[in-house]
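Q: Below is model-v9.txt; it holds compact mmCIF, N, CA and C atoms.
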```txt
# COMPACT_ATOMS: atom_id res chain seq x y z
N MET A 21 32.20 74.35 2.86
CA MET A 21 32.15 73.30 1.87
C MET A 21 30.80 72.61 1.95
N GLU A 22 30.21 72.33 0.83
CA GLU A 22 28.88 71.73 0.77
C GLU A 22 28.90 70.25 1.12
N GLU A 23 29.93 69.52 0.69
CA GLU A 23 29.98 68.09 0.91
C GLU A 23 30.32 67.81 2.38
N LYS A 24 29.53 66.97 2.98
CA LYS A 24 29.71 66.70 4.41
C LYS A 24 30.34 65.34 4.69
N ASN A 25 30.44 64.48 3.68
CA ASN A 25 31.04 63.17 3.88
C ASN A 25 32.50 63.22 3.46
N LEU A 26 33.36 63.51 4.40
CA LEU A 26 34.79 63.61 4.13
C LEU A 26 35.52 62.47 4.81
N TYR A 27 36.50 61.92 4.10
CA TYR A 27 37.34 60.86 4.62
C TYR A 27 38.78 61.31 4.48
N VAL A 28 39.61 60.93 5.45
CA VAL A 28 40.99 61.41 5.48
C VAL A 28 41.95 60.23 5.51
N GLY A 29 42.99 60.33 4.69
CA GLY A 29 44.11 59.41 4.75
C GLY A 29 45.34 60.20 5.18
N ILE A 30 46.05 59.68 6.16
CA ILE A 30 47.26 60.34 6.65
C ILE A 30 48.42 59.35 6.58
N ASP A 31 49.50 59.77 5.91
CA ASP A 31 50.71 58.95 5.78
C ASP A 31 51.82 59.67 6.53
N VAL A 32 52.29 59.07 7.60
CA VAL A 32 53.37 59.67 8.39
C VAL A 32 54.63 58.86 8.16
N GLY A 33 55.53 59.40 7.36
CA GLY A 33 56.80 58.75 7.06
C GLY A 33 57.93 59.36 7.87
N SER A 34 59.13 58.87 7.65
CA SER A 34 60.27 59.37 8.41
C SER A 34 60.66 60.79 8.01
N LEU A 35 60.39 61.17 6.77
CA LEU A 35 60.75 62.52 6.30
C LEU A 35 59.57 63.47 6.17
N SER A 36 58.43 62.94 5.73
CA SER A 36 57.28 63.81 5.52
C SER A 36 55.99 63.15 5.95
N ALA A 37 55.02 63.99 6.21
CA ALA A 37 53.67 63.54 6.54
C ALA A 37 52.73 64.16 5.51
N GLU A 38 51.77 63.38 5.06
CA GLU A 38 50.81 63.86 4.08
C GLU A 38 49.40 63.53 4.55
N ALA A 39 48.48 64.42 4.25
CA ALA A 39 47.06 64.16 4.51
C ALA A 39 46.31 64.44 3.23
N VAL A 40 45.36 63.58 2.92
CA VAL A 40 44.50 63.79 1.77
C VAL A 40 43.06 63.66 2.24
N ILE A 41 42.21 64.55 1.73
CA ILE A 41 40.79 64.51 2.04
C ILE A 41 40.05 64.05 0.79
N ILE A 42 39.23 63.03 0.98
CA ILE A 42 38.40 62.50 -0.09
C ILE A 42 36.96 62.86 0.24
N SER A 43 36.25 63.41 -0.76
CA SER A 43 34.85 63.74 -0.58
C SER A 43 34.01 62.79 -1.43
N ASP A 44 32.72 63.02 -1.47
CA ASP A 44 31.83 62.20 -2.28
C ASP A 44 32.18 62.25 -3.76
N THR A 45 32.86 63.30 -4.18
CA THR A 45 33.17 63.46 -5.61
C THR A 45 34.63 63.20 -5.95
N GLY A 46 35.45 62.80 -4.99
CA GLY A 46 36.85 62.51 -5.26
C GLY A 46 37.78 63.25 -4.33
N MET A 47 39.05 63.40 -4.74
CA MET A 47 40.02 64.09 -3.89
C MET A 47 39.66 65.56 -3.78
N ALA A 48 39.55 66.03 -2.55
CA ALA A 48 39.15 67.41 -2.31
C ALA A 48 40.33 68.30 -1.95
N ALA A 49 41.32 67.77 -1.22
CA ALA A 49 42.46 68.58 -0.79
C ALA A 49 43.55 67.68 -0.25
N TYR A 50 44.75 68.24 -0.17
CA TYR A 50 45.87 67.54 0.45
C TYR A 50 46.80 68.56 1.09
N SER A 51 47.66 68.05 1.97
CA SER A 51 48.64 68.89 2.64
C SER A 51 49.88 68.03 2.94
N ILE A 52 51.04 68.63 2.83
CA ILE A 52 52.30 67.93 3.08
C ILE A 52 53.14 68.77 4.05
N ARG A 53 53.76 68.10 5.02
CA ARG A 53 54.64 68.76 5.97
C ARG A 53 55.84 67.87 6.25
N LYS A 54 56.93 68.45 6.71
CA LYS A 54 58.06 67.66 7.20
C LYS A 54 57.63 67.00 8.50
N THR A 55 58.02 65.75 8.69
CA THR A 55 57.63 65.04 9.91
C THR A 55 58.35 65.60 11.12
N GLY A 56 59.65 65.81 11.02
CA GLY A 56 60.40 66.31 12.17
C GLY A 56 60.42 65.29 13.29
N ALA A 57 60.56 65.77 14.51
CA ALA A 57 60.68 64.88 15.67
C ALA A 57 59.33 64.49 16.27
N ASN A 58 58.23 65.10 15.77
CA ASN A 58 56.93 64.85 16.37
C ASN A 58 55.93 64.42 15.29
N PRO A 59 55.79 63.11 15.06
CA PRO A 59 54.87 62.63 14.02
C PRO A 59 53.42 63.05 14.24
N LEU A 60 52.97 63.07 15.49
CA LEU A 60 51.60 63.48 15.78
C LEU A 60 51.37 64.94 15.39
N LYS A 61 52.30 65.80 15.75
CA LYS A 61 52.17 67.22 15.40
C LYS A 61 52.15 67.41 13.89
N ALA A 62 53.02 66.68 13.18
CA ALA A 62 53.05 66.78 11.72
C ALA A 62 51.73 66.32 11.12
N ALA A 63 51.19 65.21 11.62
CA ALA A 63 49.91 64.70 11.12
C ALA A 63 48.79 65.69 11.38
N GLN A 64 48.78 66.28 12.58
CA GLN A 64 47.73 67.25 12.92
C GLN A 64 47.84 68.49 12.04
N MET A 65 49.05 68.96 11.79
CA MET A 65 49.25 70.13 10.93
C MET A 65 48.79 69.83 9.50
N CYS A 66 49.08 68.63 9.02
CA CYS A 66 48.61 68.24 7.68
C CYS A 66 47.09 68.22 7.61
N LEU A 67 46.48 67.60 8.60
CA LEU A 67 45.02 67.54 8.62
C LEU A 67 44.43 68.94 8.66
N ASP A 68 44.94 69.78 9.55
CA ASP A 68 44.43 71.16 9.65
C ASP A 68 44.61 71.91 8.33
N GLY A 69 45.77 71.74 7.69
CA GLY A 69 46.03 72.42 6.42
C GLY A 69 45.09 71.98 5.33
N ALA A 70 44.82 70.68 5.24
CA ALA A 70 43.91 70.16 4.22
C ALA A 70 42.47 70.62 4.49
N LEU A 71 42.05 70.59 5.75
CA LEU A 71 40.70 71.04 6.10
C LEU A 71 40.51 72.52 5.75
N GLU A 72 41.54 73.31 5.99
CA GLU A 72 41.48 74.73 5.67
C GLU A 72 41.27 74.95 4.17
N LYS A 73 41.92 74.12 3.35
CA LYS A 73 41.80 74.27 1.90
C LYS A 73 40.38 74.03 1.40
N VAL A 74 39.62 73.20 2.10
CA VAL A 74 38.24 72.92 1.66
C VAL A 74 37.20 73.60 2.56
N ASP A 75 37.68 74.47 3.44
CA ASP A 75 36.80 75.20 4.34
C ASP A 75 35.86 74.26 5.09
N ALA A 76 36.45 73.23 5.68
CA ALA A 76 35.67 72.23 6.42
C ALA A 76 36.18 72.15 7.84
N ARG A 77 35.38 71.47 8.66
CA ARG A 77 35.73 71.27 10.07
C ARG A 77 35.94 69.79 10.34
N LYS A 78 36.53 69.49 11.45
CA LYS A 78 36.74 68.10 11.84
C LYS A 78 35.41 67.35 11.99
N ASP A 79 34.35 68.08 12.32
CA ASP A 79 33.02 67.47 12.44
C ASP A 79 32.56 66.85 11.13
N ASN A 80 33.07 67.32 10.01
CA ASN A 80 32.68 66.81 8.70
C ASN A 80 33.37 65.50 8.34
N ILE A 81 34.38 65.09 9.11
CA ILE A 81 35.15 63.89 8.80
C ILE A 81 34.39 62.66 9.28
N ARG A 82 34.22 61.70 8.38
CA ARG A 82 33.52 60.46 8.71
C ARG A 82 34.48 59.33 9.06
N GLY A 83 35.75 59.45 8.67
CA GLY A 83 36.72 58.42 8.99
C GLY A 83 38.14 58.85 8.67
N VAL A 84 39.09 58.35 9.45
CA VAL A 84 40.51 58.66 9.26
C VAL A 84 41.30 57.35 9.26
N VAL A 85 42.10 57.16 8.21
CA VAL A 85 43.00 56.01 8.13
C VAL A 85 44.43 56.53 8.15
N ALA A 86 45.26 55.94 8.99
CA ALA A 86 46.67 56.33 9.09
C ALA A 86 47.55 55.22 8.56
N THR A 87 48.63 55.61 7.89
CA THR A 87 49.60 54.65 7.38
C THR A 87 51.00 55.24 7.57
N GLY A 88 52.01 54.46 7.22
CA GLY A 88 53.38 54.91 7.36
C GLY A 88 53.98 54.50 8.69
N TYR A 89 55.25 54.81 8.87
CA TYR A 89 55.93 54.37 10.08
C TYR A 89 55.33 54.99 11.34
N GLY A 90 54.70 56.16 11.23
CA GLY A 90 54.13 56.82 12.39
C GLY A 90 52.64 56.57 12.59
N ARG A 91 52.08 55.61 11.87
CA ARG A 91 50.63 55.39 11.89
C ARG A 91 50.09 55.06 13.28
N LEU A 92 50.87 54.40 14.10
CA LEU A 92 50.39 54.01 15.43
C LEU A 92 50.44 55.16 16.42
N ARG A 93 51.02 56.29 16.01
CA ARG A 93 51.13 57.46 16.89
C ARG A 93 50.04 58.49 16.61
N ILE A 94 49.04 58.12 15.83
CA ILE A 94 47.97 59.05 15.46
C ILE A 94 46.69 58.63 16.18
N PRO A 95 46.43 59.20 17.35
CA PRO A 95 45.30 58.74 18.17
C PRO A 95 43.93 59.05 17.56
N PHE A 96 43.86 60.00 16.65
CA PHE A 96 42.56 60.33 16.07
C PHE A 96 42.23 59.49 14.84
N ALA A 97 43.11 58.53 14.50
CA ALA A 97 42.84 57.63 13.38
C ALA A 97 41.84 56.56 13.81
N ASP A 98 40.91 56.25 12.92
CA ASP A 98 39.95 55.19 13.18
C ASP A 98 40.53 53.81 12.84
N ARG A 99 41.54 53.83 11.98
CA ARG A 99 42.14 52.58 11.51
C ARG A 99 43.58 52.83 11.10
N GLU A 100 44.44 51.84 11.31
CA GLU A 100 45.83 51.90 10.87
C GLU A 100 46.05 50.79 9.85
N VAL A 101 46.71 51.12 8.75
CA VAL A 101 46.98 50.16 7.68
C VAL A 101 48.45 50.32 7.29
N THR A 102 49.16 49.22 7.10
CA THR A 102 50.57 49.32 6.71
C THR A 102 50.69 49.98 5.34
N GLU A 103 51.82 50.63 5.11
CA GLU A 103 52.04 51.27 3.81
C GLU A 103 52.13 50.24 2.69
N ILE A 104 52.59 49.04 3.00
CA ILE A 104 52.66 47.99 1.98
C ILE A 104 51.25 47.65 1.49
N THR A 105 50.32 47.49 2.40
CA THR A 105 48.94 47.22 2.02
C THR A 105 48.35 48.38 1.23
N CYS A 106 48.60 49.61 1.68
CA CYS A 106 48.09 50.78 0.97
C CYS A 106 48.63 50.86 -0.45
N HIS A 107 49.94 50.64 -0.61
CA HIS A 107 50.54 50.69 -1.95
C HIS A 107 49.94 49.62 -2.85
N ALA A 108 49.83 48.41 -2.34
CA ALA A 108 49.31 47.31 -3.15
C ALA A 108 47.86 47.55 -3.56
N ARG A 109 47.03 47.96 -2.61
CA ARG A 109 45.62 48.21 -2.93
C ARG A 109 45.45 49.39 -3.87
N GLY A 110 46.22 50.45 -3.64
CA GLY A 110 46.13 51.62 -4.51
C GLY A 110 46.59 51.32 -5.93
N ALA A 111 47.70 50.59 -6.06
CA ALA A 111 48.20 50.24 -7.39
C ALA A 111 47.19 49.35 -8.11
N HIS A 112 46.63 48.38 -7.39
CA HIS A 112 45.64 47.49 -8.01
C HIS A 112 44.38 48.26 -8.43
N PHE A 113 43.96 49.20 -7.60
CA PHE A 113 42.77 50.00 -7.93
C PHE A 113 43.00 50.82 -9.20
N LEU A 114 44.15 51.48 -9.28
CA LEU A 114 44.45 52.34 -10.43
C LEU A 114 44.88 51.55 -11.67
N PHE A 115 45.63 50.48 -11.45
CA PHE A 115 46.17 49.68 -12.54
C PHE A 115 46.00 48.20 -12.18
N PRO A 116 44.85 47.61 -12.45
CA PRO A 116 44.53 46.25 -11.99
C PRO A 116 45.53 45.17 -12.41
N ARG A 117 46.31 45.38 -13.46
CA ARG A 117 47.25 44.37 -13.91
C ARG A 117 48.64 44.53 -13.27
N THR A 118 48.77 45.42 -12.32
CA THR A 118 50.05 45.66 -11.65
C THR A 118 50.56 44.37 -10.99
N LYS A 119 51.84 44.11 -11.16
CA LYS A 119 52.46 42.93 -10.54
C LYS A 119 53.53 43.30 -9.53
N THR A 120 54.11 44.52 -9.66
CA THR A 120 55.21 44.91 -8.78
C THR A 120 55.07 46.39 -8.42
N VAL A 121 55.30 46.70 -7.16
CA VAL A 121 55.33 48.08 -6.68
C VAL A 121 56.66 48.28 -5.97
N VAL A 122 57.35 49.38 -6.28
CA VAL A 122 58.60 49.72 -5.61
C VAL A 122 58.36 50.97 -4.78
N ASP A 123 58.62 50.88 -3.49
CA ASP A 123 58.45 52.00 -2.57
C ASP A 123 59.83 52.44 -2.11
N ILE A 124 60.23 53.64 -2.51
CA ILE A 124 61.52 54.18 -2.08
C ILE A 124 61.22 55.26 -1.05
N GLY A 125 61.45 54.93 0.20
CA GLY A 125 61.13 55.84 1.29
C GLY A 125 62.34 56.55 1.85
N GLY A 126 62.11 57.28 2.93
CA GLY A 126 63.18 58.05 3.55
C GLY A 126 64.18 57.21 4.32
N GLN A 127 63.75 56.04 4.82
CA GLN A 127 64.63 55.19 5.61
C GLN A 127 64.91 53.84 4.95
N ASP A 128 64.01 53.40 4.11
CA ASP A 128 64.19 52.09 3.49
C ASP A 128 63.47 52.03 2.16
N SER A 129 63.67 50.96 1.45
CA SER A 129 62.97 50.72 0.19
C SER A 129 62.33 49.34 0.27
N LYS A 130 61.21 49.18 -0.42
CA LYS A 130 60.50 47.91 -0.41
C LYS A 130 60.08 47.57 -1.82
N VAL A 131 60.08 46.29 -2.16
CA VAL A 131 59.54 45.81 -3.41
C VAL A 131 58.37 44.90 -3.05
N ILE A 132 57.22 45.21 -3.60
CA ILE A 132 56.00 44.48 -3.30
C ILE A 132 55.60 43.73 -4.56
N THR A 133 55.50 42.40 -4.46
CA THR A 133 55.01 41.62 -5.59
C THR A 133 53.56 41.25 -5.32
N MET A 134 52.76 41.29 -6.39
CA MET A 134 51.32 41.10 -6.23
C MET A 134 50.81 40.02 -7.19
N ASP A 135 49.72 39.38 -6.78
CA ASP A 135 49.01 38.48 -7.67
C ASP A 135 47.56 38.98 -7.74
N GLU A 136 46.65 38.14 -8.16
CA GLU A 136 45.26 38.55 -8.29
C GLU A 136 44.72 39.10 -6.99
```
Once more with this new file: its structure as structure tokens, please.

A:
Amino acid sequence: MEEKNLYVGIDVGSLSAEAVIISDTGMAAYSIRKTGANPLKAAQMCLDGALEKVDARKDNIRGVVATGYGRLRIPFADREVTEITCHARGAHFLFPRTKTVVDIGGQDSKVITMDE
């Protein structure tokens, strides 16, 4: 892969783990796996799967953010952010007038109300 500035977001939930790779030009790849009993293994498999799709190496990653219930179990993450914060920021970025986000997860559901 030509682009060397890659950033990774990993969401480790109770049912599934997802990894997305963002490059200088936007979303480059993603991977989804069942979380199972080992959140770290699921996160690592997702990262490896996404990197394989863009023919990149871990050396190309400039930063990793983890979210979800398993976010604190990902030692290679540079930062951990709650899923509530991720949902609110993502919704605001895509749809700035958003006032409510509903998150229906594998173990619980959340309603997030937002202001400016």

Q: Env of Ala63 of chain A: 8 Å cut, atoms = only C-alpha atoms, seq-sep filter 5 positions within chain, self excluded. Answer as number ranges by chain.

A: A: 30-32, 37-39, 55, 94

Q: I need the residue nearest Ile52 of chain A from this list: A:Thr102, A:Ser36, A:Tyr27, A:Gln64. Use only N, CA and C atoms for the distance.

A: A:Ser36

Q: Which of these residues is nearest to Gly69 of chain A, using only C-alpha atoms: A:Asp98, A:Arg53, A:Lys130, A:Arg91?

A: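 Of A:Asp98, A:Arg53, A:Lys130, A:Arg91, the one nearest Gly69 of chain A, counting only C-alpha atoms, is A:Arg53.
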
Q: What parts of chain A does DSSP call strand (DSSP E)? I'd like the answer as a ChimeraX atom specification.

A: /A:26-32,36-43,46-54,81-87,99-100,120-124,129-133

Q: Could you check which of A:Ala48, A:Ala97, A:Ile104, A:Leu114 is closest to Ala76 of chain A, using only C-alpha atoms?

A: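 Answer, going by the shortest atom-to-atom distance: A:Ala48.
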
Q: Going by DSSP on the backbone, which residues of chain A come out as alpha helix (DSSP H)? List them as a list in words.

A: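 Selection result, alpha helix (DSSP H) within chain A: Pro59, Leu60, Lys61, Ala62, Ala63, Gln64, Met65, Cys66, Leu67, Asp68, Gly69, Ala70, Leu71, Glu72, Lys73, Glu103, Ile104, Thr105, Cys106, His107, Ala108, Arg109, Gly110, Ala111, His112, Phe113 and Leu114 of chain A.
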
Q: So, counting only N, CA and C atoms, which residue among A:Leu60, A:Ser34, A:Asp135, A:Arg109 is closest to Gly88 of chain A?

A: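 Looking only at the distances to Gly88 of chain A, the closest residue turns out to be A:Ser34.
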